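These notes concern the structure reproduced below.
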Amino acid sequence: MAKGLRYWEPRRLIYNGVLTLVVVGHFLIGWPGSREKLSFDLVLGLFLLAVLANVAYCAAYLADLFVQFSGLDAAWRRGSVVLLIVGTAFAATIAHFFAKGIFGA
């Protein structure tokens, strides 16, 4: 498990950075209309979505544990990069549709 933590936790910053760029991008594209939608409830909703996105990120640990116990460590080095890219792209797509719905941009 410690190997998984050392690998995945620094990459969580990349994941969160990409999702943040997607949401901020939609906010800026929707300006000035998006400014009018800002409220405390919206900030709480975005916080909730960010927490859920980070819970979803933890799914990578399940794949990592499976590989560690299966003895496929050598192949996993490439696979973990693919999982990070595909998972981040999938999460960014979901964030795109949520942000588009929220900010209308």
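Residues are referred to by chain and number: the chain letter is A, B, ... according to the order shown in the structure tokens, the number counts from 1 in that chain, and ligands are numbered separately from 1 in the order shown.
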List the neighbours of region 76-90 of chain A out to 6 Å using only C-alpha atoms; skip same-chain residues closer than 3 positions along the sequence, and give me the result as a PyMOL selection string.
chain A and resi 15+73+93
Go ahead and write the residues just picked, C-alpha atoms, as a short mmCIF file (atom, residue, chain, number, x, y, z; two decimals), in the first residue's frame.
```
data_model
loop_
_atom_site.label_atom_id
_atom_site.label_comp_id
_atom_site.auth_asym_id
_atom_site.auth_seq_id
_atom_site.Cartn_x
_atom_site.Cartn_y
_atom_site.Cartn_z
CA TYR A 15 -5.74 15.38 -11.41
CA ASP A 73 4.48 -4.92 -11.12
CA THR A 93 -15.19 15.22 -19.25
#
```
Can you pull out every residue within 8 Å of region 17-19 of chain A, counting only C-alpha atoms, but drop anything in the same chain fewer than 2 positions away, and send it as a PDB file with C-alpha atoms, in the first residue's frame?
```
ATOM      1  CA  LEU A  13      -2.236  17.349  -7.753  1.00  0.00           C
ATOM      2  CA  ILE A  14      -2.229  16.842 -11.537  1.00  0.00           C
ATOM      3  CA  TYR A  15      -5.742  15.384 -11.413  1.00  0.00           C
ATOM      4  CA  LEU A  21      -8.697  24.302 -15.106  1.00  0.00           C
ATOM      5  CA  VAL A  22     -11.852  22.860 -16.673  1.00  0.00           C
ATOM      6  CA  VAL A  23     -14.170  24.532 -14.150  1.00  0.00           C
ATOM      7  CA  THR A  88      -8.124  12.223 -15.547  1.00  0.00           C
ATOM      8  CA  ALA A  91     -13.083  13.075 -14.797  1.00  0.00           C
ATOM      9  CA  ALA A  92     -12.372  16.190 -16.895  1.00  0.00           C
ATOM     10  CA  ALA A  95     -16.368  18.199 -14.917  1.00  0.00           C
TER      11      ALA A  95
END
```
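When CA of Phe66 (chain A) is paired with CA of Pro10 (chain A), their separation reads 20.3 Å.
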As a check of understanding: the span from CA of Asp64 (chain A) to CA of Val51 (chain A) is 20.9 Å
Measuring between only C-alpha atoms, which one of A:Ser70, A:Asn54, A:Ser34, A:Ser39 shows the shortest distance to Ala99 (chain A)?
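Looking only at the distances to Ala99 (chain A), the closest residue turns out to be A:Ser34.
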Can you tell me which residues surround Leu5 (chain A) at a distance of at most 12 Å, considering only C-alpha atoms, apart from same-chain residues fewer than 2 positions away, and format the answer as a PyMOL selection string?
chain A and resi 1-3+7-12+58+60-62+64-65
